[in-house]
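Coordinates from upload16.cif are shown below (mmCIF, C-alpha atoms).
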```
data_upload
loop_
_atom_site.label_atom_id
_atom_site.label_comp_id
_atom_site.auth_asym_id
_atom_site.auth_seq_id
_atom_site.Cartn_x
_atom_site.Cartn_y
_atom_site.Cartn_z
CA MET P 1446 -7.37 -4.05 30.37
CA LYS P 1447 -5.64 -5.51 27.33
CA ASP P 1448 -4.45 -8.48 29.42
CA VAL P 1449 -7.99 -9.15 30.50
CA MET P 1450 -9.24 -8.99 26.94
CA LYS P 1451 -6.49 -11.34 25.81
CA ASN P 1452 -7.36 -13.94 28.44
CA THR P 1453 -7.74 -16.78 25.96
CA ASN P 1454 -5.82 -19.50 27.83
CA PRO P 1455 -8.86 -21.46 29.09
CA TYR P 1456 -9.96 -21.92 25.49
CA HIS P 1457 -6.49 -23.10 24.47
CA TYR P 1458 -6.52 -25.71 27.22
CA SER P 1459 -9.96 -26.86 26.15
CA PHE P 1460 -8.81 -27.08 22.53
CA VAL P 1461 -5.97 -29.45 23.48
CA GLU P 1462 -8.50 -31.93 24.86
CA PHE P 1463 -10.83 -31.30 21.94
CA GLU P 1464 -8.01 -31.98 19.47
CA LYS P 1465 -7.19 -35.31 21.15
CA ARG P 1466 -10.75 -36.49 20.57
CA LEU P 1467 -10.62 -35.31 16.96
CA ALA P 1468 -7.41 -37.21 16.28
CA ALA P 1469 -9.23 -40.48 16.83
CA GLY P 1470 -12.39 -39.43 15.04
CA LYS P 1471 -13.67 -38.42 11.65
CA HIS P 1472 -13.63 -35.13 9.76
CA ARG P 1473 -9.84 -34.89 9.66
CA TRP P 1474 -10.13 -32.69 6.59
CA LEU P 1475 -11.34 -29.95 8.94
CA ASN P 1476 -8.44 -30.14 11.39
CA GLY P 1477 -6.24 -27.65 9.52
CA MET P 1478 -9.11 -25.18 9.39
CA ARG P 1479 -9.70 -25.56 13.11
CA MET P 1480 -6.04 -24.95 13.92
CA ASP P 1481 -6.01 -21.88 11.67
CA ALA P 1482 -9.13 -20.57 13.40
CA LEU P 1483 -7.58 -21.04 16.84
CA SER P 1484 -4.52 -19.09 15.66
CA SER P 1485 -6.83 -16.28 14.54
CA PHE P 1486 -8.53 -16.27 17.93
CA SER P 1487 -5.15 -16.10 19.68
CA ARG P 1488 -4.10 -13.20 17.47
CA LEU P 1489 -7.35 -11.26 17.82
CA GLY P 1490 -8.19 -11.92 21.45
CA PHE P 1491 -11.44 -10.76 22.93
CA PRO P 1492 -12.66 -7.34 21.74
CA ALA P 1493 -11.75 -4.46 24.02
CA PRO P 1494 -13.75 -1.25 24.63
CA LYS P 1495 -11.32 0.67 22.40
CA ASP P 1496 -12.39 -1.50 19.44
CA GLU P 1497 -14.81 0.65 17.48
CA GLU P 1498 -17.25 -2.18 16.77
CA TRP P 1499 -17.51 -3.00 20.50
CA ARG P 1500 -17.22 0.38 22.20
CA PHE P 1501 -20.76 0.28 23.60
CA THR P 1502 -20.65 -3.40 24.61
CA ASP P 1503 -18.31 -4.32 27.45
CA ILE P 1504 -17.50 -8.04 27.46
CA SER P 1505 -14.85 -7.92 30.20
CA ALA P 1506 -17.10 -9.93 32.55
CA LEU P 1507 -17.58 -12.62 29.92
CA SER P 1508 -13.87 -12.80 29.13
CA GLN P 1509 -13.02 -13.48 32.78
CA ILE P 1510 -15.37 -16.44 33.23
CA PRO P 1511 -13.53 -19.76 32.66
CA PHE P 1512 -16.22 -21.37 30.51
CA LYS P 1513 -15.76 -25.07 29.87
CA PRO P 1514 -17.07 -26.82 26.75
CA ALA P 1515 -20.61 -28.04 27.35
CA ALA P 1516 -20.82 -31.81 27.55
CA LYS P 1517 -23.14 -33.91 25.49
CA CYS P 1518 -26.16 -34.73 27.64
CA THR P 1519 -26.51 -38.39 28.50
CA LYS P 1520 -30.21 -37.75 28.88
CA CYS P 1521 -32.15 -35.36 26.67
CA PRO P 1522 -34.61 -32.89 28.21
CA ALA P 1523 -38.19 -34.05 28.61
CA ALA P 1524 -40.36 -33.90 25.51
CA ALA P 1525 -42.63 -31.43 27.30
CA GLU P 1526 -39.71 -29.02 27.71
CA VAL P 1527 -38.91 -29.24 24.03
CA ALA P 1528 -42.57 -28.74 23.13
CA ARG P 1529 -42.55 -25.52 25.16
CA HIS P 1530 -39.95 -24.09 22.77
CA SER P 1531 -41.32 -25.57 19.57
CA ILE P 1532 -43.19 -23.66 16.89
CA GLY P 1533 -46.86 -24.57 16.87
CA ASP P 1534 -46.83 -26.24 13.46
CA GLU P 1535 -47.49 -29.99 13.45
CA ASN P 1536 -46.12 -30.27 9.90
CA ALA P 1537 -42.78 -28.66 10.75
CA ILE P 1538 -39.46 -30.41 10.39
CA GLN P 1539 -37.59 -29.96 13.65
CA LEU P 1540 -33.92 -30.49 14.50
CA VAL P 1541 -33.20 -30.36 18.24
CA PHE P 1542 -29.75 -29.75 19.68
CA VAL P 1543 -28.88 -29.80 23.38
CA ASN P 1544 -25.70 -28.00 24.43
CA GLY P 1545 -24.77 -27.88 20.75
CA PHE P 1546 -25.19 -31.63 20.14
CA TYR P 1547 -27.87 -33.25 18.00
CA CYS P 1548 -30.63 -35.07 19.89
CA GLU P 1549 -32.22 -37.55 17.49
CA GLU P 1550 -35.00 -38.77 19.78
CA LEU P 1551 -36.41 -35.25 20.15
CA SER P 1552 -36.09 -34.31 16.47
CA THR P 1553 -38.80 -34.72 13.84
CA LEU P 1554 -37.62 -35.52 10.33
CA LYS P 1555 -40.18 -36.13 7.60
CA LYS P 1556 -40.13 -37.21 4.00
CA LEU P 1557 -38.67 -34.41 1.92
CA PRO P 1558 -38.50 -33.62 -1.79
CA LYS P 1559 -35.80 -35.45 -3.71
CA GLY P 1560 -32.32 -34.13 -3.02
CA VAL P 1561 -33.26 -32.06 0.05
CA LEU P 1562 -30.90 -32.63 2.99
CA VAL P 1563 -31.91 -31.63 6.52
CA GLY P 1564 -29.91 -33.05 9.39
CA ASN P 1565 -27.06 -32.68 11.81
CA LEU P 1566 -23.75 -31.32 10.61
CA ALA P 1567 -21.63 -33.97 12.38
CA VAL P 1568 -23.03 -36.71 10.13
CA ALA P 1569 -23.23 -34.54 7.01
CA LEU P 1570 -19.54 -33.58 7.21
CA ASP P 1571 -18.73 -37.01 5.81
CA ALA P 1572 -21.90 -38.07 4.05
CA ASP P 1573 -22.46 -34.77 2.21
CA ARG P 1574 -18.98 -33.29 2.04
CA ALA P 1575 -19.41 -32.23 -1.61
CA GLN P 1576 -22.30 -29.93 -0.68
CA ILE P 1577 -20.60 -28.63 2.46
CA GLU P 1578 -16.96 -27.98 1.64
CA PRO P 1579 -17.52 -25.06 -0.82
CA PHE P 1580 -19.35 -23.08 1.87
CA LEU P 1581 -18.35 -24.11 5.39
CA ALA P 1582 -16.17 -21.40 6.98
CA LYS P 1583 -15.91 -19.79 3.54
CA LEU P 1584 -18.81 -17.36 4.03
CA ALA P 1585 -18.23 -16.39 7.68
CA SER P 1586 -14.59 -15.37 7.91
CA TYR P 1587 -12.81 -16.38 11.09
CA ARG P 1588 -9.78 -14.21 10.36
CA HIS P 1589 -11.35 -10.94 11.49
CA SER P 1590 -13.88 -12.00 14.15
CA ALA P 1591 -12.69 -13.49 17.43
CA PHE P 1592 -16.00 -15.16 18.16
CA ALA P 1593 -16.38 -16.64 14.68
CA ALA P 1594 -12.81 -17.91 15.03
CA LEU P 1595 -13.58 -19.51 18.39
CA ASN P 1596 -16.69 -21.17 17.01
CA THR P 1597 -14.78 -22.51 13.98
CA ALA P 1598 -11.97 -23.87 16.16
CA PHE P 1599 -14.44 -25.91 18.23
CA MET P 1600 -16.87 -26.69 15.41
CA SER P 1601 -18.19 -30.25 15.64
CA ASP P 1602 -21.98 -30.32 15.37
CA GLY P 1603 -24.91 -28.19 14.30
CA ALA P 1604 -27.50 -28.04 11.54
CA PHE P 1605 -27.11 -28.58 7.81
CA VAL P 1606 -29.84 -27.66 5.34
CA TYR P 1607 -29.37 -28.11 1.60
CA ILE P 1608 -32.14 -27.31 -0.88
CA PRO P 1609 -31.25 -28.44 -4.42
CA PRO P 1610 -31.99 -26.27 -7.48
CA ALA P 1611 -35.60 -25.72 -8.56
CA THR P 1612 -36.99 -27.17 -5.31
CA ALA P 1613 -39.51 -25.65 -2.92
CA VAL P 1614 -39.80 -26.98 0.63
CA ASN P 1615 -43.29 -26.14 1.85
CA GLU P 1616 -42.77 -27.47 5.36
CA LEU P 1617 -41.29 -25.13 7.96
CA ILE P 1618 -37.77 -26.13 9.03
CA HIS P 1619 -37.14 -25.41 12.72
CA ILE P 1620 -33.61 -25.61 14.17
CA LEU P 1621 -33.88 -25.58 17.97
CA TYR P 1622 -30.76 -25.05 20.07
CA LEU P 1623 -31.36 -25.72 23.77
CA SER P 1624 -28.89 -25.11 26.59
CA ALA P 1625 -29.31 -27.36 29.62
CA GLY P 1626 -27.92 -26.15 32.93
CA GLN P 1627 -24.73 -27.73 34.25
CA PRO P 1628 -22.92 -27.35 37.60
CA GLU P 1629 -20.28 -25.05 36.11
CA ALA P 1630 -20.29 -22.27 33.51
CA THR P 1631 -20.23 -23.83 30.05
CA ILE P 1632 -19.95 -22.75 26.44
CA SER P 1633 -21.51 -24.32 23.35
CA TYR P 1634 -20.70 -23.70 19.69
CA PRO P 1635 -23.80 -24.15 17.51
CA ARG P 1636 -22.94 -24.12 13.82
CA SER P 1637 -25.54 -23.90 11.05
CA LEU P 1638 -25.00 -24.12 7.31
CA ILE P 1639 -27.92 -23.32 4.99
CA VAL P 1640 -27.50 -23.65 1.22
CA LEU P 1641 -30.21 -22.92 -1.35
CA GLY P 1642 -29.59 -23.91 -4.95
CA SER P 1643 -30.83 -21.84 -7.90
CA GLY P 1644 -34.58 -21.34 -8.03
CA SER P 1645 -35.26 -22.97 -4.66
CA GLN P 1646 -37.39 -21.80 -1.75
CA ALA P 1647 -37.56 -22.44 2.01
CA ASN P 1648 -38.69 -21.06 5.38
CA ILE P 1649 -36.24 -21.67 8.22
CA VAL P 1650 -36.40 -20.81 11.92
CA GLU P 1651 -33.43 -20.81 14.30
CA SER P 1652 -34.40 -20.80 17.98
CA TYR P 1653 -32.11 -20.46 20.99
CA ALA P 1654 -33.44 -21.13 24.48
CA GLY P 1655 -32.30 -22.13 27.95
CA VAL P 1656 -33.84 -25.06 29.80
CA ASP P 1657 -32.47 -23.89 33.17
CA ARG P 1658 -31.35 -20.57 34.60
CA GLY P 1659 -27.66 -21.33 34.94
CA ILE P 1660 -24.81 -19.25 33.54
CA TYR P 1661 -23.77 -20.40 30.08
CA PHE P 1662 -22.42 -18.96 26.86
CA THR P 1663 -23.83 -19.65 23.41
CA ASN P 1664 -21.36 -18.75 20.66
CA ALA P 1665 -23.21 -19.40 17.40
CA VAL P 1666 -22.32 -19.04 13.72
CA THR P 1667 -24.75 -19.43 10.82
CA GLU P 1668 -23.68 -19.37 7.17
CA VAL P 1669 -26.34 -18.86 4.47
CA PHE P 1670 -25.95 -19.15 0.71
CA VAL P 1671 -28.94 -17.99 -1.37
CA GLY P 1672 -28.51 -19.10 -4.98
CA ASN P 1673 -29.72 -17.49 -8.20
CA SER P 1674 -33.45 -16.66 -8.17
CA SER P 1675 -33.96 -18.47 -4.86
CA LEU P 1676 -36.03 -17.25 -1.92
CA LEU P 1677 -35.35 -17.68 1.78
CA ASP P 1678 -37.35 -16.43 4.74
CA HIS P 1679 -35.12 -16.78 7.81
CA TYR P 1680 -36.27 -16.30 11.40
CA LYS P 1681 -34.05 -16.10 14.46
CA LEU P 1682 -35.78 -16.30 17.85
CA GLN P 1683 -33.49 -15.77 20.84
CA ARG P 1684 -34.99 -16.43 24.28
CA GLU P 1685 -32.01 -17.56 26.32
CA SER P 1686 -31.90 -17.59 30.10
CA GLU P 1687 -31.52 -14.08 31.46
CA ALA P 1688 -28.23 -15.14 33.09
CA ALA P 1689 -26.82 -16.34 29.77
CA TYR P 1690 -24.41 -14.84 27.26
CA HIS P 1691 -25.36 -15.06 23.59
CA ILE P 1692 -23.07 -13.95 20.78
CA ALA P 1693 -24.05 -14.92 17.24
CA THR P 1694 -22.87 -14.26 13.71
CA ILE P 1695 -25.07 -14.76 10.66
CA GLN P 1696 -23.29 -14.38 7.32
CA VAL P 1697 -25.40 -14.33 4.15
CA GLN P 1698 -24.33 -14.37 0.52
CA GLN P 1699 -26.92 -13.62 -2.14
CA GLU P 1700 -26.64 -14.41 -5.82
CA ARG P 1701 -28.45 -13.04 -8.90
CA ASP P 1702 -32.16 -12.14 -8.47
CA SER P 1703 -32.32 -13.86 -5.08
CA SER P 1704 -34.50 -12.77 -2.18
CA PHE P 1705 -33.55 -12.99 1.50
CA THR P 1706 -35.77 -11.90 4.37
CA SER P 1707 -34.57 -11.93 7.97
CA HIS P 1708 -36.69 -11.60 11.12
CA SER P 1709 -34.50 -11.31 14.23
CA ILE P 1710 -36.26 -11.41 17.63
CA SER P 1711 -34.21 -11.01 20.84
CA LEU P 1712 -35.97 -11.40 24.18
CA GLY P 1713 -33.58 -13.25 26.51
CA GLY P 1714 -29.96 -13.24 27.58
CA SER P 1715 -27.93 -11.14 29.99
CA LEU P 1716 -25.50 -9.94 27.33
CA VAL P 1717 -26.49 -10.41 23.69
CA ARG P 1718 -24.68 -9.54 20.49
CA ASN P 1719 -26.18 -10.26 17.05
CA ASP P 1720 -24.00 -9.71 13.99
CA LEU P 1721 -25.95 -10.03 10.73
CA ASN P 1722 -23.94 -9.47 7.54
CA VAL P 1723 -25.40 -9.66 4.02
CA LEU P 1724 -23.30 -9.65 0.86
CA MET P 1725 -25.33 -8.88 -2.27
CA ASN P 1726 -22.98 -10.61 -4.63
CA ALA P 1727 -24.87 -10.31 -7.95
CA THR P 1728 -27.36 -8.04 -9.70
CA GLY P 1729 -31.05 -8.06 -8.89
CA ALA P 1730 -30.71 -9.30 -5.31
CA GLU P 1731 -33.24 -8.13 -2.71
CA CYS P 1732 -33.03 -8.33 1.06
CA VAL P 1733 -35.28 -7.32 3.95
CA LEU P 1734 -33.95 -7.17 7.51
CA ASN P 1735 -36.50 -6.86 10.30
CA GLY P 1736 -35.50 -6.88 13.96
CA LEU P 1737 -37.19 -6.56 17.34
CA TYR P 1738 -35.36 -6.53 20.67
CA ALA P 1739 -36.89 -6.16 24.15
CA ALA P 1740 -34.74 -5.80 27.26
CA ARG P 1741 -35.41 -5.30 30.96
CA GLY P 1742 -33.52 -5.42 34.27
CA ARG P 1743 -29.81 -5.16 33.47
CA GLN P 1744 -29.97 -6.86 30.09
CA HIS P 1745 -27.79 -5.58 27.26
CA VAL P 1746 -28.67 -6.27 23.61
CA ASP P 1747 -26.37 -5.24 20.75
CA ASN P 1748 -27.46 -5.55 17.11
CA HIS P 1749 -24.87 -4.95 14.40
CA THR P 1750 -26.03 -5.29 10.81
CA SER P 1751 -24.15 -4.83 7.55
CA ILE P 1752 -25.54 -4.84 4.02
CA ASP P 1753 -22.89 -4.84 1.32
CA HIS P 1754 -24.29 -3.68 -2.04
CA ALA P 1755 -21.43 -5.10 -4.09
CA GLN P 1756 -23.32 -5.20 -7.41
CA PRO P 1757 -25.76 -2.87 -9.24
CA HIS P 1758 -29.56 -3.06 -9.33
CA CYS P 1759 -29.98 -4.44 -5.80
CA SER P 1760 -32.40 -3.28 -3.11
CA SER P 1761 -32.53 -3.55 0.67
CA ARG P 1762 -35.04 -2.61 3.37
CA GLU P 1763 -34.19 -2.61 7.05
CA LEU P 1764 -36.34 -1.90 10.10
CA TYR P 1765 -35.17 -2.59 13.65
CA LYS P 1766 -37.12 -1.63 16.77
CA GLY P 1767 -36.09 -1.77 20.42
CA ILE P 1768 -38.10 -1.75 23.65
CA LEU P 1769 -36.00 -1.08 26.75
CA ASP P 1770 -37.14 -0.94 30.36
CA ASP P 1771 -35.61 -0.68 33.86
CA GLY P 1772 -31.81 -0.27 33.65
CA SER P 1773 -31.39 -2.20 30.42
CA SER P 1774 -29.31 -1.01 27.50
CA GLY P 1775 -29.17 -1.57 23.78
CA VAL P 1776 -27.03 -0.90 20.74
CA PHE P 1777 -28.01 -0.65 17.10
CA ASN P 1778 -25.31 -0.23 14.50
CA GLY P 1779 -26.53 -0.59 10.94
CA ARG P 1780 -24.11 -0.21 8.05
CA ILE P 1781 -25.07 0.03 4.40
CA LEU P 1782 -22.14 -0.06 1.99
CA VAL P 1783 -22.71 0.85 -1.67
CA ARG P 1784 -19.65 0.02 -3.72
CA LYS P 1785 -18.33 2.05 -6.65
CA ASP P 1786 -19.97 -0.03 -9.40
CA ALA P 1787 -23.24 -0.69 -7.53
CA GLN P 1788 -25.33 1.79 -9.53
CA LYS P 1789 -29.13 1.80 -9.25
CA THR P 1790 -28.95 0.71 -5.62
CA ASN P 1791 -32.11 1.29 -3.60
CA ALA P 1792 -31.64 1.07 0.17
CA ARG P 1793 -33.61 2.20 3.19
CA GLN P 1794 -32.73 1.75 6.85
CA THR P 1795 -34.68 2.72 9.98
CA ASN P 1796 -34.10 2.17 13.69
CA LYS P 1797 -36.71 3.15 16.28
CA ASN P 1798 -36.45 2.73 20.04
CA LEU P 1799 -38.96 3.01 22.87
CA LEU P 1800 -37.59 3.74 26.34
CA LEU P 1801 -39.96 2.74 29.13
CA SER P 1802 -37.70 3.92 31.96
CA LYS P 1803 -35.57 6.95 32.66
CA ASP P 1804 -32.68 4.57 33.35
CA ALA P 1805 -32.88 2.66 30.05
CA LEU P 1806 -30.21 3.49 27.47
CA ILE P 1807 -29.84 3.04 23.71
CA ASN P 1808 -26.90 3.85 21.45
CA THR P 1809 -27.97 3.93 17.82
CA GLN P 1810 -25.75 4.54 14.81
CA PRO P 1811 -27.16 4.06 11.32
CA GLN P 1812 -24.47 4.38 8.66
CA LEU P 1813 -24.38 4.94 4.92
CA GLU P 1814 -21.15 4.54 2.96
CA ILE P 1815 -21.86 5.36 -0.68
CA PHE P 1816 -19.28 5.21 -3.46
CA ALA P 1817 -21.72 5.23 -6.41
CA ASP P 1818 -23.60 8.25 -7.73
CA ASP P 1819 -26.85 6.82 -9.14
CA VAL P 1820 -28.52 5.50 -5.99
CA LYS P 1821 -31.51 6.02 -3.69
CA CYS P 1822 -30.44 5.58 -0.08
CA THR P 1823 -32.00 6.79 3.17
CA HIS P 1824 -31.46 6.08 6.84
CA GLY P 1825 -32.78 7.35 10.15
CA ALA P 1826 -33.07 6.68 13.86
CA ALA P 1827 -35.54 7.71 16.55
CA ILE P 1828 -35.69 7.40 20.33
CA GLY P 1829 -38.86 8.16 22.27
CA GLN P 1830 -41.21 7.36 25.13
CA LEU P 1831 -44.86 6.44 25.34
CA ASN P 1832 -47.22 9.22 24.28
CA GLU P 1833 -48.94 10.65 27.35
CA GLU P 1834 -51.96 11.79 25.33
CA GLU P 1835 -52.49 8.29 24.00
CA LEU P 1836 -52.13 6.90 27.53
CA PHE P 1837 -54.71 9.41 28.79
CA TYR P 1838 -57.09 8.48 25.96
CA LEU P 1839 -56.98 4.77 26.80
CA ARG P 1840 -57.31 5.36 30.54
CA SER P 1841 -60.28 7.67 29.99
CA ARG P 1842 -62.05 4.68 28.39
CA GLY P 1843 -61.65 2.54 31.48
CA ILE P 1844 -58.38 0.79 30.65
CA GLY P 1845 -56.00 0.47 33.58
CA LYS P 1846 -52.63 2.23 33.57
CA GLU P 1847 -50.48 -0.87 33.12
CA SER P 1848 -52.82 -2.40 30.53
CA ALA P 1849 -52.73 0.86 28.58
CA ARG P 1850 -48.95 0.91 28.68
CA THR P 1851 -48.80 -2.71 27.49
CA LEU P 1852 -51.20 -1.99 24.63
CA LEU P 1853 -49.22 1.01 23.41
CA THR P 1854 -45.93 -0.83 23.71
CA TYR P 1855 -47.33 -3.78 21.80
CA ALA P 1856 -48.64 -1.40 19.13
CA PHE P 1857 -45.11 -0.02 18.74
CA ALA P 1858 -43.93 -3.51 17.70
CA SER P 1859 -47.02 -4.53 15.73
CA ASP P 1860 -45.74 -3.66 12.25
CA LEU P 1861 -42.81 -6.01 12.72
CA LEU P 1862 -45.11 -8.77 13.96
CA ASN P 1863 -47.44 -8.25 11.01
CA ALA P 1864 -44.50 -8.61 8.62
CA ILE P 1865 -44.11 -12.25 9.68
CA LYS P 1866 -45.84 -14.27 6.97
CA ILE P 1867 -46.01 -17.67 8.68
CA LYS P 1868 -48.93 -17.73 11.11
CA PRO P 1869 -47.57 -20.25 13.65
CA ILE P 1870 -44.40 -18.18 14.02
CA GLN P 1871 -46.34 -14.93 14.20
CA CYS P 1872 -48.62 -16.34 16.92
CA GLU P 1873 -45.67 -17.73 18.90
CA ILE P 1874 -43.77 -14.44 18.91
CA ASP P 1875 -46.97 -12.51 19.55
CA LEU P 1876 -47.66 -14.52 22.72
CA LEU P 1877 -44.05 -14.32 23.88
CA LEU P 1878 -43.96 -10.56 23.48
CA LEU P 1879 -47.27 -9.99 25.25
CA ALA P 1880 -46.20 -12.21 28.15
CA ARG P 1881 -42.87 -10.41 28.29
CA LEU P 1882 -44.45 -6.95 28.35
CA SER P 1883 -46.94 -7.96 31.02
CA ARG P 1884 -44.21 -9.37 33.28
CA THR P 1885 -42.08 -6.28 32.70
CA ARG P 1886 -44.81 -3.99 33.96
CA GLU P 1887 -45.54 -6.25 36.93
CA ARG P 1888 -41.88 -6.25 37.96
CA ALA P 1889 -41.20 -2.53 37.83
CA PRO P 1890 -44.36 -0.46 37.46
CA GLU P 1891 -42.71 2.69 38.82
CA THR P 1892 -39.67 2.79 36.56
CA ALA P 1893 -41.46 4.03 33.45
CA ALA P 1894 -41.07 7.61 32.45
#
```

Here is the file; what I need is its structure written in the form of structure tokens.
Amino acid sequence: MKDVMKNTNPYHYSFVEFEKRLAAGKHRWLNGMRMDALSSFSRLGFPAPKDEEWRFTDISALSQIPFKPAAKCTKCPAAAEVARHSIGDENAIQLVFVNGFYCEELSTLKKLPKGVLVGNLAVALDADRAQIEPFLAKLASYRHSAFAALNTAFMSDGAFVYIPPATAVNELIHILYLSAGQPEATISYPRSLIVLGSGSQANIVESYAGVDRGIYFTNAVTEVFVGNSSLLDHYKLQRESEAAYHIATIQVQQERDSSFTSHSISLGGSLVRNDLNVLMNATGAECVLNGLYAARGRQHVDNHTSIDHAQPHCSSRELYKGILDDGSSGVFNGRILVRKDAQKTNARQTNKNLLLSKDALINTQPQLEIFADDVKCTHGAAIGQLNEEELFYLRSRGIGKESARTLLTYAFASDLLNAIKIKPIQCEIDLLLLARLSRTRERAPETAA
């Protein structure tokens, strides 16, 4: 099994070709970092079932597929296809990437406040190096995560957002990563860097979607720096092809009196792993983590979150909910760490799961690690099924069985939907979830408990 998990040779061969292209190109200042990241990947190898952080998520099938780096499309997808995955906000700024590469003709860039930078990372690596170098690969460590190391080794393009101090961007910023089907199994490495200066504010959406139904692997890394007294609402919407693999790391660092809110929605993918790590690096920081995952068929969705209360007088609120049907499976592992000097910490964590089938499975593990004595911390988890009395009540009023089930399932997720402040995003996710629940019931009406 260890040999299988250490099967990293295809990536080494790909890196040799990648390095040849880099030697003749720009961004040479990154080459040492890339080599170091590849060495980390070689040392770590793919996670094995005996690794505690991966014991409920078996990636042996993924590790055996010889994924090749996705090629830059010579022709971008049709505008109608992009529109299907866009957020319904005509004022939004939209960056579109296909197979990890920026597609200028499908992107919408508008006039922005002075000093705001929104664009593709490949260009910004030279033009805006002073804003990038202090953060890139400094927040998301590639020395302890095989997938972050792999992404860093092959890092070449992605999104860069920089909001200067005392600046509010009122327009929604949408970063859309599309994967277009290719004849063979491919891998892309989306990289996003988001930096908010002191006293700034922004709303940013990251979307991941598949144009075709082919087998592909999205290995994404997002680094977020939230400066003093700044405010960021971050949304991640994952609706990959159901034959796709999606593994993503989001690393957040918060400074004094900052506010970070995350909404993570996972609907697609065959095997999905979301790692969201927040470091509360100064006093007065606040964070809210909301998550919703819905799986069906043989889908597997794994959410690992970590909130590091490294300084006193910080607060965090976390609510993740899962809806699992058919033979799907899920994992929630939420870790709250309160360090020795982090007095006056206030933290609450909740995970709730709804199983719509006797074959669906969830492994949930909320964790508190507290090394301070003046704190308020709670955590809890719940697993349940639809309430038969509530089903009977709806059916007695003339509502059909499947419609009643859909209504109750939707109600289970409604508090997370209502927490989304931006109406176009709320409406988009609302429609996606309703369509998803309706199709789920049509596919397997007899599997529910």

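Restricting the calculation to only C-alpha atoms, the smallest distance between Leu1623 of chain P and any of P:Asn1544, P:Gln1696, P:Asn1722, P:Ser1841 is found for P:Asn1544.
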
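Residues with any atom within 9 Å of the point (-8.0, -29.0, 19.8), counting all atoms listed in the file, are His1457, Tyr1458, Ser1459, Phe1460, Val1461, Glu1462, Phe1463, Glu1464, Lys1465, Arg1466, Leu1467, Ala1468, Asn1476, Arg1479, Met1480, Leu1483, Ala1598 and Phe1599 of chain P.
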
Report summary line: Min atom-atom distance to Gly1564 of chain P from the set P:Ala1604, P:Asn1726, P:Val1541, P:Glu1526, counting all atoms listed in the file, belongs to P:Ala1604

Query raised in the report: Which is closer to Ser1715 of chain P than all the others in P:Tyr1765, P:Tyr1680, P:Phe1662, P:Phe1777, using all atoms listed in the file?
Result: P:Phe1662

How close does segment 1744-1789 of chain P get to segment 1736-1740 of chain P? List, as a tab-separated table, each residue of segment 1744-1789 of chain P within 7 Å, its nearest atom pair and the distance in Å to one decimal, counting all atoms listed in the file.
```
residue	atom	partner	partner_atom	distance
P:Gln1744	CA	P:Ala1740	CA	5.6
P:His1745	CA	P:Ala1740	CA	7.0
P:Leu1764	CA	P:Gly1736	CA	6.4
P:Tyr1765	CA	P:Gly1736	CA	4.3
P:Lys1766	CA	P:Leu1737	CA	5.0
P:Gly1767	CA	P:Tyr1738	CA	4.8
P:Ile1768	CA	P:Ala1739	CA	4.6
P:Leu1769	CA	P:Ala1740	CA	4.9
P:Asp1770	CA	P:Ala1740	CA	6.2
P:Ser1773	CA	P:Ala1740	CA	5.8
```

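Between Pro1455 of chain P and the residues P:Phe1512, P:Phe1501, P:Phe1580, P:Tyr1661, the shortest atom-to-atom distance, using all atoms listed in the file, involves P:Phe1512.
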
Query raised in the report: For the atom pair atom CA of Ile1632 of chain P and atom CA of Pro1492 of chain P, what is the interatomic distance in Å to one decimal place?
Result: 17.7 Å

Report task. For Val1527 of chain P, list every protein, DNA or RNA residue within 9 Å, evaluated using only C-alpha atoms, and leave out those in the same chain fewer than 2 positions away; present the list as a VMD selection string. Result -> chain P and resid 1522 to 1525 1529 to 1531 1541 1551 1621 1623 1656

If you keep C-alpha atoms, can you produce a file of those selected residues as a PDB file, in the coordinates of the input?
```
ATOM      1  CA  PRO P1522     -34.610 -32.890  28.210  1.00  0.00           C
ATOM      2  CA  ALA P1523     -38.190 -34.050  28.610  1.00  0.00           C
ATOM      3  CA  ALA P1524     -40.360 -33.900  25.510  1.00  0.00           C
ATOM      4  CA  ALA P1525     -42.630 -31.430  27.300  1.00  0.00           C
ATOM      5  CA  ARG P1529     -42.550 -25.520  25.160  1.00  0.00           C
ATOM      6  CA  HIS P1530     -39.950 -24.090  22.770  1.00  0.00           C
ATOM      7  CA  SER P1531     -41.320 -25.570  19.570  1.00  0.00           C
ATOM      8  CA  VAL P1541     -33.200 -30.360  18.240  1.00  0.00           C
ATOM      9  CA  LEU P1551     -36.410 -35.250  20.150  1.00  0.00           C
ATOM     10  CA  LEU P1621     -33.880 -25.580  17.970  1.00  0.00           C
ATOM     11  CA  LEU P1623     -31.360 -25.720  23.770  1.00  0.00           C
ATOM     12  CA  VAL P1656     -33.840 -25.060  29.800  1.00  0.00           C
TER      13      VAL P1656
END
```

Would you compute the box with edges along x, y and z of the file around segment 1557-1571 of chain P, including every atom the file lists for it and 4 Å extra on each side, and give its centre and edge lengths in Å to one decimal, as lines of an AutoDock Vina configuration file?
```
center_x = -28.7
center_y = -34.2
center_z = 4.3
size_x = 27.9
size_y = 13.7
size_z = 24.1
```

**Report entry** Expansion of the PyMOL selection byres ((chain P and resi 1584) around 12) into residues, as a PyMOL selection string
**Finding:** chain P and resi 1577-1583+1585-1588+1593+1597+1637-1640+1666-1671+1694-1699+1722-1724+1726

Taking the file as I've supplied it (selection: the PyMOL selection byres ((chain P and resi 1782) around 7)), which residues are included? Please answer as a compact mmCIF listing (two decimals) with C-alpha atoms, in the frame of the given file.
```txt
# COMPACT_ATOMS: atom_id res chain seq x y z
CA ILE P 1752 -25.54 -4.84 4.02
CA ASP P 1753 -22.89 -4.84 1.32
CA HIS P 1754 -24.29 -3.68 -2.04
CA ARG P 1780 -24.11 -0.21 8.05
CA ILE P 1781 -25.07 0.03 4.40
CA VAL P 1783 -22.71 0.85 -1.67
CA ARG P 1784 -19.65 0.02 -3.72
CA LEU P 1813 -24.38 4.94 4.92
CA GLU P 1814 -21.15 4.54 2.96
CA ILE P 1815 -21.86 5.36 -0.68
```
